[in-house]
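The block underneath contains the structure these notes are about, expressed in structure tokens.
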Amino acid sequence: MTIKEVQEAVDRWIREYGVRYFSELTNMAVLTEEVGELARVIARKYGDQSFKEGEKDNLGEEMADILWVLICLANQTGVDLTEELKKSMEKKTQRDSLRHIHNKKLMA
């Protein structure tokens, strides 16, 4: 699926099953909550913490939850994520085309 197709699929799902979008403020709070859940999994999988009994390594699920809410926010605020991602990549390429290549901290 393209990003545009995903935005359209999420919109169809919301209209068919979700009744309506949550408010932008609610979705921002939900996005923050989902990022926290991803941070918890990463801290346990790659950091010094261990999984508690009953917790699972659901890294992909948490990333997908973040993507879902971000797409909801984009849809309800009229943001075309395909176009914005293209602009972001162009900006980063112009700004950082040599920066990382010459960064001694990144050289093995």
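Chain lettering (A, B, ...) mirrors the order of the structure tokens, residue numbering begins at 1 for each chain separately, and ligand numbering begins at 1 in order of display.
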In range 2-96 of chain A, DSSP helix (DSSP H, G or I) residues written as an MDAnalysis selection string: chainID A and resid 3:18 24:45 59:77 81:96
Selection: 7 Å around range 13-30 of chain A, only C-alpha atoms, excl. self and same-chain fewer than 4 positions, as a list of chain:residue names: A:Ala9, A:Glu34, A:Val69, A:Leu73
Interatomic distance, CA of Val10 in chain A to CA of Leu31 in chain A (Å, one decimal): 15.3 Å
Interatomic distance (Å, one decimal) between CA of Glu61 in chain A and CA of Leu38 in chain A: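 According to the coordinates, CA of Glu61 in chain A and CA of Leu38 in chain A are separated by 8.8 Å.
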Distance criterion (only C-alpha atoms): nearest to Glu8 in chain A out of A:Asn103, A:Thr93, A:Gln76, A:Ser88: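 Checking each of A:Asn103, A:Thr93, A:Gln76, A:Ser88 against Glu8 in chain A, counting only C-alpha atoms, the winner is A:Gln76.
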